[in-house]
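Structure data follow from structure-v1.pdb (PDB, C-alpha atoms):
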ATOM      1  CA  MET A   1     -33.836  -9.870 -53.445
ATOM      2  CA  ILE A   2     -31.534 -11.365 -50.802
ATOM      3  CA  THR A   3     -28.858  -8.799 -51.632
ATOM      4  CA  LYS A   4     -31.417  -6.014 -51.363
ATOM      5  CA  ASN A   5     -32.578  -7.223 -47.952
ATOM      6  CA  LEU A   6     -29.006  -7.480 -46.721
ATOM      7  CA  ARG A   7     -28.362  -3.894 -47.736
ATOM      8  CA  GLN A   8     -31.355  -2.825 -45.665
ATOM      9  CA  LEU A   9     -29.993  -4.459 -42.470
ATOM     10  CA  PRO A  10     -28.744  -1.931 -39.901
ATOM     11  CA  ALA A  11     -24.972  -1.599 -39.608
ATOM     12  CA  PRO A  12     -23.520  -3.371 -36.559
ATOM     13  CA  ALA A  13     -23.141  -1.072 -33.613
ATOM     14  CA  ARG A  14     -19.623   0.089 -32.884
ATOM     15  CA  PRO A  15     -18.276  -0.928 -29.496
ATOM     16  CA  ILE A  16     -18.437   1.879 -26.984
ATOM     17  CA  PRO A  17     -14.968   2.681 -25.603
ATOM     18  CA  VAL A  18     -14.672   1.687 -21.970
ATOM     19  CA  PRO A  19     -13.052   4.405 -19.867
ATOM     20  CA  SER A  20      -9.941   3.411 -17.977
ATOM     21  CA  MET A  21     -10.521   2.498 -14.340
ATOM     22  CA  ALA A  22      -6.865   3.069 -13.411
ATOM     23  CA  LEU A  23      -6.131   5.495 -10.599
ATOM     24  CA  PRO A  24      -3.136   7.865 -10.471
ATOM     25  CA  GLY A  25      -1.544   5.584  -7.899
ATOM     26  CA  ASP A  26      -1.653   2.683 -10.346
ATOM     27  CA  TYR A  27       0.342   4.666 -12.900
ATOM     28  CA  PHE A  28       2.763   5.703 -10.176
ATOM     29  CA  ASP A  29       3.250   2.026  -9.298
ATOM     30  CA  LEU A  30       4.052   1.314 -12.959
ATOM     31  CA  MET A  31       7.074   3.587 -12.605
ATOM     32  CA  LYS A  32       8.634   1.353  -9.928
ATOM     33  CA  PRO A  33       8.974   4.112  -7.309
ATOM     34  CA  ARG A  34      11.563   2.250  -5.202
ATOM     35  CA  LEU A  35      13.829   1.818  -8.200
ATOM     36  CA  MET A  36      13.123   5.408  -9.239
ATOM     37  CA  SER A  37      14.170   6.696  -5.807
ATOM     38  CA  LEU A  38      17.529   4.916  -6.155
ATOM     39  CA  VAL A  39      17.996   6.467  -9.602
ATOM     40  CA  ILE A  40      17.190   9.964  -8.282
ATOM     41  CA  PHE A  41      19.605   9.591  -5.380
ATOM     42  CA  THR A  42      22.552   8.248  -7.394
ATOM     43  CA  ALA A  43      21.975  10.747 -10.215
ATOM     44  CA  LEU A  44      21.927  13.581  -7.665
ATOM     45  CA  VAL A  45      25.275  12.433  -6.274
ATOM     46  CA  GLY A  46      26.734  12.413  -9.788
ATOM     47  CA  MET A  47      25.457  15.947 -10.363
ATOM     48  CA  ILE A  48      26.798  17.280  -7.047
ATOM     49  CA  LEU A  49      30.220  15.691  -7.564
ATOM     50  CA  ALA A  50      30.481  17.289 -11.005
ATOM     51  CA  ARG A  51      30.831  20.646  -9.198
ATOM     52  CA  GLN A  52      29.872  22.687 -12.221
ATOM     53  CA  GLY A  53      28.262  26.113 -12.089
ATOM     54  CA  GLN A  54      25.025  25.091 -13.788
ATOM     55  CA  PRO A  55      21.944  27.111 -12.754
ATOM     56  CA  VAL A  56      19.854  25.478 -10.055
ATOM     57  CA  LEU A  57      16.825  25.377 -12.357
ATOM     58  CA  VAL A  58      18.804  23.459 -14.990
ATOM     59  CA  ALA A  59      19.962  20.963 -12.370
ATOM     60  CA  LEU A  60      16.448  20.467 -10.986
ATOM     61  CA  CYS A  61      14.918  20.017 -14.445
ATOM     62  CA  SER A  62      17.683  17.574 -15.364
ATOM     63  CA  LEU A  63      17.105  15.545 -12.212
ATOM     64  CA  LEU A  64      13.360  15.499 -12.871
ATOM     65  CA  ALA A  65      13.942  14.301 -16.444
ATOM     66  CA  ILE A  66      16.226  11.506 -15.231
ATOM     67  CA  ALA A  67      13.615  10.467 -12.654
ATOM     68  CA  VAL A  68      10.833  10.406 -15.259
ATOM     69  CA  GLY A  69      13.094   8.429 -17.610
ATOM     70  CA  ALA A  70      13.621   5.878 -14.850
ATOM     71  CA  GLY A  71       9.857   5.669 -14.436
ATOM     72  CA  ALA A  72       9.484   5.120 -18.187
ATOM     73  CA  SER A  73      11.927   2.207 -18.150
ATOM     74  CA  GLY A  74      10.114   0.706 -15.156
ATOM     75  CA  ALA A  75       6.774   0.959 -16.947
ATOM     76  CA  LEU A  76       8.239  -0.606 -20.107
ATOM     77  CA  ASN A  77       9.628  -3.402 -17.949
ATOM     78  CA  MET A  78       6.161  -4.102 -16.550
ATOM     79  CA  VAL A  79       4.666  -4.096 -20.049
ATOM     80  CA  GLY A  80       7.253  -6.609 -21.225
ATOM     81  CA  ASP A  81       6.853  -8.769 -18.107
ATOM     82  CA  ALA A  82       3.037  -8.813 -18.254
ATOM     83  CA  ASP A  83       3.091 -12.515 -19.171
ATOM     84  CA  LEU A  84       5.558 -13.440 -16.399
ATOM     85  CA  ASP A  85       4.387 -11.314 -13.473
ATOM     86  CA  PRO A  86       1.168 -13.309 -12.806
ATOM     87  CA  LEU A  87       3.323 -16.420 -12.260
ATOM     88  CA  MET A  88       5.396 -14.944  -9.440
ATOM     89  CA  SER A  89       4.213 -14.150  -5.920
ATOM     90  CA  ARG A  90       6.551 -11.156  -5.795
ATOM     91  CA  THR A  91       5.013  -9.504  -8.858
ATOM     92  CA  ARG A  92       1.458 -10.747  -9.329
ATOM     93  CA  GLN A  93      -0.029  -7.702  -7.583
ATOM     94  CA  ARG A  94       1.581  -5.240  -9.982
ATOM     95  CA  PRO A  95      -0.887  -2.983 -11.850
ATOM     96  CA  ILE A  96      -1.043  -4.982 -15.112
ATOM     97  CA  PRO A  97      -1.404  -8.568 -13.781
ATOM     98  CA  ALA A  98      -3.785  -7.302 -11.084
ATOM     99  CA  GLY A  99      -6.005  -5.825 -13.816
ATOM    100  CA  ARG A 100      -5.788  -2.222 -12.646
ATOM    101  CA  VAL A 101      -4.052  -1.013 -15.826
ATOM    102  CA  THR A 102      -4.224  -2.573 -19.282
ATOM    103  CA  ARG A 103      -1.069  -3.418 -21.185
ATOM    104  CA  ASP A 104      -1.886  -0.878 -23.917
ATOM    105  CA  GLU A 105      -2.470   1.871 -21.365
ATOM    106  CA  ALA A 106       0.836   1.100 -19.690
ATOM    107  CA  LEU A 107       2.667   1.072 -23.022
ATOM    108  CA  GLY A 108       1.258   4.456 -24.021
ATOM    109  CA  PHE A 109       2.151   5.854 -20.610
ATOM    110  CA  ALA A 110       5.719   4.520 -20.855
ATOM    111  CA  ILE A 111       6.315   5.872 -24.366
ATOM    112  CA  THR A 112       5.001   9.295 -23.347
ATOM    113  CA  LEU A 113       7.292   9.426 -20.315
ATOM    114  CA  ALA A 114      10.301   8.187 -22.273
ATOM    115  CA  THR A 115       9.875  10.688 -25.101
ATOM    116  CA  GLY A 116       9.225  13.615 -22.789
ATOM    117  CA  SER A 117      12.109  12.877 -20.419
ATOM    118  CA  VAL A 118      14.702  12.495 -23.184
ATOM    119  CA  MET A 119      13.568  15.668 -24.956
ATOM    120  CA  VAL A 120      13.539  17.723 -21.753
ATOM    121  CA  LEU A 121      17.011  16.544 -20.707
ATOM    122  CA  GLY A 122      18.399  17.294 -24.150
ATOM    123  CA  LEU A 123      16.903  20.783 -24.233
ATOM    124  CA  VAL A 124      17.736  21.890 -20.696
ATOM    125  CA  ALA A 125      21.112  20.145 -20.250
ATOM    126  CA  ASN A 126      22.793  18.564 -23.286
ATOM    127  CA  TRP A 127      22.152  15.884 -25.878
ATOM    128  CA  LEU A 128      24.893  13.539 -24.682
ATOM    129  CA  ALA A 129      23.082  13.178 -21.345
ATOM    130  CA  ALA A 130      19.803  12.739 -23.246
ATOM    131  CA  LEU A 131      21.371  10.032 -25.426
ATOM    132  CA  LEU A 132      22.579   8.147 -22.342
ATOM    133  CA  LEU A 133      19.108   8.419 -20.810
ATOM    134  CA  ALA A 134      17.486   7.119 -24.011
ATOM    135  CA  PHE A 135      19.948   4.215 -24.071
ATOM    136  CA  THR A 136      19.175   3.398 -20.429
ATOM    137  CA  ILE A 137      15.412   3.346 -21.076
ATOM    138  CA  LEU A 138      15.768   1.204 -24.196
ATOM    139  CA  PHE A 139      18.308  -1.160 -22.659
ATOM    140  CA  TYR A 140      16.371  -1.862 -19.466
ATOM    141  CA  GLY A 141      12.822  -1.546 -20.747
ATOM    142  CA  VAL A 142      13.299  -3.529 -23.970
ATOM    143  CA  ILE A 143      16.628  -5.351 -24.395
ATOM    144  CA  TYR A 144      16.931  -6.583 -20.798
ATOM    145  CA  THR A 145      13.220  -7.230 -20.278
ATOM    146  CA  LEU A 146      12.399  -8.988 -23.543
ATOM    147  CA  TRP A 147      15.706 -10.673 -24.309
ATOM    148  CA  LEU A 148      18.406 -10.875 -21.626
ATOM    149  CA  LYS A 149      16.104 -11.694 -18.732
ATOM    150  CA  ARG A 150      14.566 -14.595 -20.626
ATOM    151  CA  SER A 151      17.633 -16.000 -22.353
ATOM    152  CA  THR A 152      20.718 -15.985 -20.135
ATOM    153  CA  PRO A 153      21.636 -16.421 -16.447
ATOM    154  CA  GLN A 154      23.985 -13.470 -16.955
ATOM    155  CA  ASN A 155      20.913 -11.245 -17.353
ATOM    156  CA  ILE A 156      21.595  -9.335 -14.151
ATOM    157  CA  VAL A 157      25.272  -8.812 -14.963
ATOM    158  CA  ILE A 158      24.682  -7.420 -18.463
ATOM    159  CA  GLY A 159      21.441  -5.671 -17.590
ATOM    160  CA  GLY A 160      23.114  -4.060 -14.593
ATOM    161  CA  ALA A 161      24.643  -1.513 -16.957
ATOM    162  CA  ALA A 162      21.262   0.218 -17.190
ATOM    163  CA  GLY A 163      20.960   0.600 -13.431
ATOM    164  CA  ALA A 164      24.553   1.827 -13.179
ATOM    165  CA  LEU A 165      24.177   4.696 -15.662
ATOM    166  CA  PRO A 166      22.098   7.287 -13.673
ATOM    167  CA  PRO A 167      25.031   8.841 -11.751
ATOM    168  CA  MET A 168      26.951   9.115 -15.016
ATOM    169  CA  ILE A 169      23.927  10.724 -16.675
ATOM    170  CA  GLY A 170      23.730  13.213 -13.797
ATOM    171  CA  GLN A 171      27.433  14.026 -14.139
ATOM    172  CA  VAL A 172      27.169  14.429 -17.922
ATOM    173  CA  ALA A 173      24.093  16.633 -17.554
ATOM    174  CA  MET A 174      26.245  19.063 -15.572
ATOM    175  CA  THR A 175      29.497  18.854 -17.561
ATOM    176  CA  GLY A 176      28.554  17.803 -21.091
ATOM    177  CA  GLN A 177      31.169  15.030 -21.112
ATOM    178  CA  ILE A 178      31.958  11.683 -19.501
ATOM    179  CA  ASP A 179      34.736  11.854 -16.920
ATOM    180  CA  LEU A 180      36.343   9.630 -14.276
ATOM    181  CA  ILE A 181      33.740  10.558 -11.663
ATOM    182  CA  GLY A 182      30.914   9.175 -13.785
ATOM    183  CA  ILE A 183      32.920   6.086 -14.744
ATOM    184  CA  SER A 184      33.821   5.379 -11.113
ATOM    185  CA  LEU A 185      30.218   5.662  -9.875
ATOM    186  CA  PHE A 186      29.029   3.545 -12.803
ATOM    187  CA  ALA A 187      31.543   0.810 -11.915
ATOM    188  CA  ILE A 188      30.499   0.738  -8.247
ATOM    189  CA  ILE A 189      26.824   0.149  -9.076
ATOM    190  CA  PHE A 190      27.654  -2.250 -11.917
ATOM    191  CA  PHE A 191      29.643  -4.604  -9.667
ATOM    192  CA  TRP A 192      27.201  -4.129  -6.765
ATOM    193  CA  THR A 193      24.271  -5.379  -8.839
ATOM    194  CA  PRO A 194      25.103  -9.133  -9.116
ATOM    195  CA  PRO A 195      25.615  -9.769  -5.365
ATOM    196  CA  HIS A 196      22.520  -7.719  -4.569
ATOM    197  CA  PHE A 197      20.139  -9.350  -7.038
ATOM    198  CA  TRP A 198      21.535 -12.880  -6.858
ATOM    199  CA  ALA A 199      20.922 -12.779  -3.100
ATOM    200  CA  LEU A 200      17.270 -12.030  -3.908
ATOM    201  CA  ALA A 201      17.278 -14.715  -6.615
ATOM    202  CA  LEU A 202      18.392 -17.304  -4.048
ATOM    203  CA  ILE A 203      15.413 -16.429  -1.867
ATOM    204  CA  LYS A 204      12.951 -16.323  -4.778
ATOM    205  CA  ALA A 205      14.398 -19.257  -6.755
ATOM    206  CA  ASP A 206      11.045 -21.091  -6.819
ATOM    207  CA  ASP A 207       9.298 -18.002  -8.156
ATOM    208  CA  TYR A 208      11.799 -17.597 -10.978
ATOM    209  CA  ALA A 209      11.635 -21.299 -11.795
ATOM    210  CA  ARG A 210       7.844 -21.149 -12.024
ATOM    211  CA  ALA A 211       8.093 -18.228 -14.446
ATOM    212  CA  GLY A 212      10.812 -19.925 -16.497
ATOM    213  CA  ILE A 213      13.344 -17.123 -15.934
ATOM    214  CA  PRO A 214      16.948 -18.464 -16.108
ATOM    215  CA  MET A 215      18.309 -16.800 -12.987
ATOM    216  CA  MET A 216      21.736 -17.951 -11.862
ATOM    217  CA  PRO A 217      20.597 -20.153  -8.913
ATOM    218  CA  ASN A 218      18.135 -22.009 -11.162
ATOM    219  CA  VAL A 219      20.664 -22.606 -13.943
ATOM    220  CA  ALA A 220      24.066 -22.945 -12.273
ATOM    221  CA  GLY A 221      22.927 -24.067  -8.830
ATOM    222  CA  THR A 222      23.247 -22.605  -5.356
ATOM    223  CA  LYS A 223      26.939 -23.336  -4.781
ATOM    224  CA  SER A 224      28.031 -21.799  -8.069
ATOM    225  CA  THR A 225      25.901 -18.724  -7.317
ATOM    226  CA  HIS A 226      27.553 -18.410  -3.906
ATOM    227  CA  ARG A 227      31.010 -18.484  -5.518
ATOM    228  CA  GLN A 228      30.069 -15.865  -8.087
ATOM    229  CA  ILE A 229      28.545 -13.609  -5.433
ATOM    230  CA  LEU A 230      31.809 -13.787  -3.494
ATOM    231  CA  ALA A 231      33.870 -13.046  -6.627
ATOM    232  CA  TYR A 232      31.794  -9.996  -7.552
ATOM    233  CA  THR A 233      31.850  -8.798  -3.951
ATOM    234  CA  LEU A 234      35.644  -8.904  -3.922
ATOM    235  CA  ILE A 235      35.753  -6.856  -7.124
ATOM    236  CA  LEU A 236      33.157  -4.459  -5.715
ATOM    237  CA  VAL A 237      35.184  -3.813  -2.572
ATOM    238  CA  GLY A 238      38.219  -2.943  -4.692
ATOM    239  CA  VAL A 239      36.243  -0.734  -7.090
ATOM    240  CA  SER A 240      34.553   1.067  -4.189
ATOM    241  CA  LEU A 241      37.934   2.557  -3.259
ATOM    242  CA  SER A 242      38.213   4.367  -6.609
ATOM    243  CA  PRO A 243      36.538   7.627  -5.448
ATOM    244  CA  TYR A 244      39.195   7.983  -2.748
ATOM    245  CA  LEU A 245      42.036   7.043  -5.098
ATOM    246  CA  LEU A 246      40.759   9.507  -7.719
ATOM    247  CA  GLY A 247      40.533  12.296  -5.175
ATOM    248  CA  PHE A 248      36.795  13.005  -5.032
ATOM    249  CA  GLY A 249      36.204  10.843  -1.960
ATOM    250  CA  GLY A 250      37.746  11.810   1.371
ATOM    251  CA  ILE A 251      38.809  10.071   4.575
ATOM    252  CA  ALA A 252      35.209   9.634   5.716
ATOM    253  CA  TYR A 253      34.384   7.921   2.446
ATOM    254  CA  LEU A 254      37.417   5.641   2.774
ATOM    255  CA  ALA A 255      36.294   4.614   6.265
ATOM    256  CA  VAL A 256      32.720   3.912   5.125
ATOM    257  CA  ALA A 257      33.948   1.980   2.088
ATOM    258  CA  GLY A 258      36.260  -0.096   4.267
ATOM    259  CA  ILE A 259      33.690  -0.914   6.932
ATOM    260  CA  GLY A 260      30.887  -1.480   4.440
ATOM    261  CA  GLY A 261      33.097  -3.604   2.205
ATOM    262  CA  ALA A 262      34.079  -5.780   5.168
ATOM    263  CA  ALA A 263      30.391  -6.244   6.045
ATOM    264  CA  MET A 264      29.609  -7.239   2.445
ATOM    265  CA  LEU A 265      32.458  -9.748   2.396
ATOM    266  CA  LEU A 266      31.396 -11.298   5.707
ATOM    267  CA  CYS A 267      27.832 -11.705   4.431
ATOM    268  CA  ALA A 268      29.068 -13.217   1.160
ATOM    269  CA  LEU A 269      31.324 -15.661   3.027
ATOM    270  CA  ALA A 270      28.496 -16.635   5.374
ATOM    271  CA  LEU A 271      26.280 -17.268   2.380
ATOM    272  CA  ARG A 272      28.911 -19.418   0.694
ATOM    273  CA  ASP A 273      29.553 -21.499   3.811
ATOM    274  CA  ASP A 274      25.874 -22.043   4.676
ATOM    275  CA  VAL A 275      24.497 -25.105   2.924
ATOM    276  CA  GLU A 276      21.323 -25.660   4.923
ATOM    277  CA  ARG A 277      18.386 -24.298   2.881
ATOM    278  CA  ARG A 278      16.583 -22.468   5.669
ATOM    279  CA  ARG A 279      19.726 -20.899   7.042
ATOM    280  CA  ALA A 280      20.907 -20.077   3.505
ATOM    281  CA  ASP A 281      17.709 -18.119   2.923
ATOM    282  CA  ARG A 282      18.395 -16.092   6.043
ATOM    283  CA  ALA A 283      21.987 -15.505   4.942
ATOM    284  CA  ALA A 284      20.816 -14.397   1.486
ATOM    285  CA  GLY A 285      18.277 -12.052   3.062
ATOM    286  CA  ARG A 286      20.985 -10.582   5.274
ATOM    287  CA  LEU A 287      23.271 -10.001   2.269
ATOM    288  CA  PHE A 288      20.408  -8.405   0.328
ATOM    289  CA  ALA A 289      19.661  -5.977   3.178
ATOM    290  CA  VAL A 290      23.311  -5.153   3.870
ATOM    291  CA  SER A 291      23.952  -4.492   0.167
ATOM    292  CA  ILE A 292      21.234  -1.816   0.145
ATOM    293  CA  LEU A 293      22.674  -0.099   3.209
ATOM    294  CA  TYR A 294      26.187  -0.389   1.784
ATOM    295  CA  LEU A 295      25.373   1.326  -1.504
ATOM    296  CA  PHE A 296      23.374   4.037   0.246
ATOM    297  CA  ALA A 297      26.213   4.676   2.708
ATOM    298  CA  LEU A 298      28.797   5.007  -0.065
ATOM    299  CA  PHE A 299      26.791   7.520  -2.079
ATOM    300  CA  ALA A 300      25.496   9.399   0.963
ATOM    301  CA  THR A 301      29.036   9.879   2.250
ATOM    302  CA  LEU A 302      30.176  11.222  -1.125
ATOM    303  CA  LEU A 303      27.200  13.575  -1.127
ATOM    304  CA  VAL A 304      27.911  14.886   2.376
ATOM    305  CA  GLU A 305      31.631  15.301   1.746
ATOM    306  CA  SER A 306      31.053  17.173  -1.519
ATOM    307  CA  THR A 307      28.400  19.402   0.050
ATOM    308  CA  VAL A 308      30.635  20.276   3.015
ATOM    309  CA  ALA A 309      33.537  21.008   0.673
ATOM    310  CA  GLY A 310      31.332  23.320  -1.393
ATOM    311  CA  LEU A 311      30.365  25.311   1.698
ATOM    312  CA  ARG A 312      33.965  26.085   2.630
TER     313      ARG A 312
END
Full structure transcribed into structure tokens:
Amino acid sequence: MITKNLRQLPAPARPIPVPSMALPGDYFDLMKPRLMSLVIFTALVGMILARQGQPVLVALCSLLAIAVGAGASGALNMVGDADLDPLMSRTRQRPIPAGRVTRDEALGFAITLATGSVMVLGLVANWLAALLLAFTILFYGVIYTLWLKRSTPQNIVIGGAAGALPPMIGQVAMTGQIDLIGISLFAIIFFWTPPHFWALALIKADDYARAGIPMMPNVAGTKSTHRQILAYTLILVGVSLSPYLLGFGGIAYLAVAGIGGAAMLLCALALRDDVERRRADRAAGRLFAVSILYLFALFATLLVESTVAGLR
């Protein structure tokens, strides 16, 4: 009798799917537009310097695919950091911790972008460029985010390879092979990354400590971080001369690299010599700002020189 009555009970109602409340702007924010703009710019420089006769449509589609791939890696990074972002003042207003986009929605969005961008780049350009783009997305969005960032103070150094690859991907998209231009541009961004991000880490040390992220200032201390920033800056200044030495950077580039490198070194020295916390924060902020201008000036000068040379 009991069994019979139980069979007559109505089946439990299925939950009604709740439509997403995310706006297009929230998905755009998932793609880290500031980081994406840097990727687009450096990839464009790599493509222009390649000086290959690829059709304009192929170049534009390739650049779009690289940009979307950068957005995919940014979205994957936010998915992986969903547990850390609410703990940091710098990141707690991102779409996932702010509740504007769910983690599952962001993951689906990221996978769609990643798959589409790699396939498009492979079909319109070549599969070597697509392979490099896939590696960049996987390395930054998964390996760096879920492992390196949480396990080693060298996270920025190793993870910097992902951020340094876009100009090489742009060059390979045009030529189908890796050459000295792509390697040189990769090296500049790779050695630029530690001074740039460790300057930010010095300013946001409390944030990183609260989130349990082993950034260099929290693990090795401020003085050791200062020394390492200076060491990487010295290497960066030397590496930044490679475009001129290899012949694809002209006199204007050499002048910009020299002046910008001197400014970077002065900021790094000021940071090393400044032990007072408040003043050190200002020095770190100055280095962070100068590093952005320095990288932009290097790549912009290469772009202008190459464009002028192509018009002759």
field: Option closest in space to Trp192 in chain A, from A:Gln228, A:Gln171, A:Ser306, A:Thr233 [counting all atoms listed in the file]
entry: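 Using all atoms listed in the file, the shortest distance to Trp192 in chain A belongs to A:Thr233.
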- prompt: Do you know which residues the PyMOL selection byres ((chain A and resi 184) around 9) returns on this file, as a VMD selection string?
  reply: chain A and resid 168 179 to 183 185 to 189 239 to 240 242 to 243 246
task: Return as a ChimeraX atom specification the set of residues that the PyMOL selection byres ((chain A and resi 128-142) around 9) yields on the displayed structure.
output: /A:65-66,69-80,114-115,117-123,125-127,143-147,159-163,165-166,168-174,176-178
Could you please take those selected residues and save C-alpha atoms as an mmCIF file, in the coordinates of the input?
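Printed below is part_7.cif as written:
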data_model
loop_
_atom_site.group_PDB
_atom_site.id
_atom_site.type_symbol
_atom_site.label_atom_id
_atom_site.label_comp_id
_atom_site.auth_asym_id
_atom_site.auth_seq_id
_atom_site.Cartn_x
_atom_site.Cartn_y
_atom_site.Cartn_z
ATOM 1 C CA ALA A 65 13.942 14.301 -16.444
ATOM 2 C CA ILE A 66 16.226 11.506 -15.231
ATOM 3 C CA GLY A 69 13.094 8.429 -17.610
ATOM 4 C CA ALA A 70 13.621 5.878 -14.850
ATOM 5 C CA GLY A 71 9.857 5.669 -14.436
ATOM 6 C CA ALA A 72 9.484 5.120 -18.187
ATOM 7 C CA SER A 73 11.927 2.207 -18.150
ATOM 8 C CA GLY A 74 10.114 0.706 -15.156
ATOM 9 C CA ALA A 75 6.774 0.959 -16.947
ATOM 10 C CA LEU A 76 8.239 -0.606 -20.107
ATOM 11 C CA ASN A 77 9.628 -3.402 -17.949
ATOM 12 C CA MET A 78 6.161 -4.102 -16.550
ATOM 13 C CA VAL A 79 4.666 -4.096 -20.049
ATOM 14 C CA GLY A 80 7.253 -6.609 -21.225
ATOM 15 C CA ALA A 114 10.301 8.187 -22.273
ATOM 16 C CA THR A 115 9.875 10.688 -25.101
ATOM 17 C CA SER A 117 12.109 12.877 -20.419
ATOM 18 C CA VAL A 118 14.702 12.495 -23.184
ATOM 19 C CA MET A 119 13.568 15.668 -24.956
ATOM 20 C CA VAL A 120 13.539 17.723 -21.753
ATOM 21 C CA LEU A 121 17.011 16.544 -20.707
ATOM 22 C CA GLY A 122 18.399 17.294 -24.150
ATOM 23 C CA LEU A 123 16.903 20.783 -24.233
ATOM 24 C CA ALA A 125 21.112 20.145 -20.250
ATOM 25 C CA ASN A 126 22.793 18.564 -23.286
ATOM 26 C CA TRP A 127 22.152 15.884 -25.878
ATOM 27 C CA ILE A 143 16.628 -5.351 -24.395
ATOM 28 C CA TYR A 144 16.931 -6.583 -20.798
ATOM 29 C CA THR A 145 13.220 -7.230 -20.278
ATOM 30 C CA LEU A 146 12.399 -8.988 -23.543
ATOM 31 C CA TRP A 147 15.706 -10.673 -24.309
ATOM 32 C CA GLY A 159 21.441 -5.671 -17.590
ATOM 33 C CA GLY A 160 23.114 -4.060 -14.593
ATOM 34 C CA ALA A 161 24.643 -1.513 -16.957
ATOM 35 C CA ALA A 162 21.262 0.218 -17.190
ATOM 36 C CA GLY A 163 20.960 0.600 -13.431
ATOM 37 C CA LEU A 165 24.177 4.696 -15.662
ATOM 38 C CA PRO A 166 22.098 7.287 -13.673
ATOM 39 C CA MET A 168 26.951 9.115 -15.016
ATOM 40 C CA ILE A 169 23.927 10.724 -16.675
ATOM 41 C CA GLY A 170 23.730 13.213 -13.797
ATOM 42 C CA GLN A 171 27.433 14.026 -14.139
ATOM 43 C CA VAL A 172 27.169 14.429 -17.922
ATOM 44 C CA ALA A 173 24.093 16.633 -17.554
ATOM 45 C CA MET A 174 26.245 19.063 -15.572
ATOM 46 C CA GLY A 176 28.554 17.803 -21.091
ATOM 47 C CA GLN A 177 31.169 15.030 -21.112
ATOM 48 C CA ILE A 178 31.958 11.683 -19.501
#
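For the atom pair formed by CA of Asp207 in chain A and CA of Arg90 in chain A, the distance is 7.7 Å, given to one decimal.
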- prompt: Skipping near chain neighbours, those fewer than 4 positions away, what residues fall within 10 Å of Ser37 in chain A using all atoms listed in the file, listed as a PyMOL selection string?
  reply: chain A and resi 32-33+41-43+67+70-71
CA of Val304 in chain A to CA of Gly249 in chain A, straight-line distance in Å: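 So the answer is 10.2 Å.
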message: Can you measure CA of Val58 in chain A to CA of Thr112 in chain A for me? One decimal in Å is fine.
response: 21.5 Å
message: Selection in question (the file shown): the PyMOL selection byres ((chain A and resi 106) around 10). Which residues does it include, as a ChimeraX atom specification?
response: /A:26-27,30-31,72,75-76,78-79,95-96,101-105,107-112
Go ahead and write the residues just picked, C-alpha atoms, as a compact mmCIF listing (two decimals), in the coordinates of the input.
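In the end it all went to again39.txt:
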# COMPACT_ATOMS: atom_id res chain seq x y z
CA ASP A 26 -1.65 2.68 -10.35
CA TYR A 27 0.34 4.67 -12.90
CA LEU A 30 4.05 1.31 -12.96
CA MET A 31 7.07 3.59 -12.60
CA ALA A 72 9.48 5.12 -18.19
CA ALA A 75 6.77 0.96 -16.95
CA LEU A 76 8.24 -0.61 -20.11
CA MET A 78 6.16 -4.10 -16.55
CA VAL A 79 4.67 -4.10 -20.05
CA PRO A 95 -0.89 -2.98 -11.85
CA ILE A 96 -1.04 -4.98 -15.11
CA VAL A 101 -4.05 -1.01 -15.83
CA THR A 102 -4.22 -2.57 -19.28
CA ARG A 103 -1.07 -3.42 -21.18
CA ASP A 104 -1.89 -0.88 -23.92
CA GLU A 105 -2.47 1.87 -21.36
CA LEU A 107 2.67 1.07 -23.02
CA GLY A 108 1.26 4.46 -24.02
CA PHE A 109 2.15 5.85 -20.61
CA ALA A 110 5.72 4.52 -20.86
CA ILE A 111 6.32 5.87 -24.37
CA THR A 112 5.00 9.30 -23.35
query: Between A:Ala284, A:Thr91, A:Leu234, A:Gln54, which has the minimum distance to Pro217 in chain A (counting only C-alpha atoms)?
result: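 The closest residue to Pro217 in chain A is A:Ala284.
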Selection near Gly99 in chain A, 12 Å with all atoms listed in the file, sequence-local residues under 5 positions removed, as a PDB file with C-alpha atoms, in the coordinates of the input:
ATOM      1  CA  SER A  20      -9.941   3.411 -17.977  1.00  0.00           C
ATOM      2  CA  MET A  21     -10.521   2.498 -14.340  1.00  0.00           C
ATOM      3  CA  ALA A  22      -6.865   3.069 -13.411  1.00  0.00           C
ATOM      4  CA  LEU A  23      -6.131   5.495 -10.599  1.00  0.00           C
ATOM      5  CA  ASP A  26      -1.653   2.683 -10.346  1.00  0.00           C
ATOM      6  CA  ALA A  82       3.037  -8.813 -18.254  1.00  0.00           C
ATOM      7  CA  ASP A  85       4.387 -11.314 -13.473  1.00  0.00           C
ATOM      8  CA  PRO A  86       1.168 -13.309 -12.806  1.00  0.00           C
ATOM      9  CA  ARG A  92       1.458 -10.747  -9.329  1.00  0.00           C
ATOM     10  CA  GLN A  93      -0.029  -7.702  -7.583  1.00  0.00           C
ATOM     11  CA  ARG A  94       1.581  -5.240  -9.982  1.00  0.00           C
ATOM     12  CA  ASP A 104      -1.886  -0.878 -23.917  1.00  0.00           C
ATOM     13  CA  GLU A 105      -2.470   1.871 -21.365  1.00  0.00           C
ATOM     14  CA  ALA A 106       0.836   1.100 -19.690  1.00  0.00           C
TER      15      ALA A 106
END
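With only C-alpha atoms as the atoms that count, the minimum distance from Ala300 in chain A to the choices A:Leu230, A:Ala252, A:Ala268, A:Leu35 is reached by A:Ala252.
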- prompt: Excluding same-chain residues fewer than 3 positions from His196 in chain A, what lies within 6 Å of it counting all atoms listed in the file, as a ChimeraX atom specification?
  reply: /A:193,199,288,291
task: Could you tell me which of A:Pro214, A:Gly221, A:Pro195, A:Gly46 comes closest to Cys267 in chain A if we count only C-alpha atoms?
output: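 Checking each candidate against Cys267 in chain A, we get A:Pro195 as the closest.
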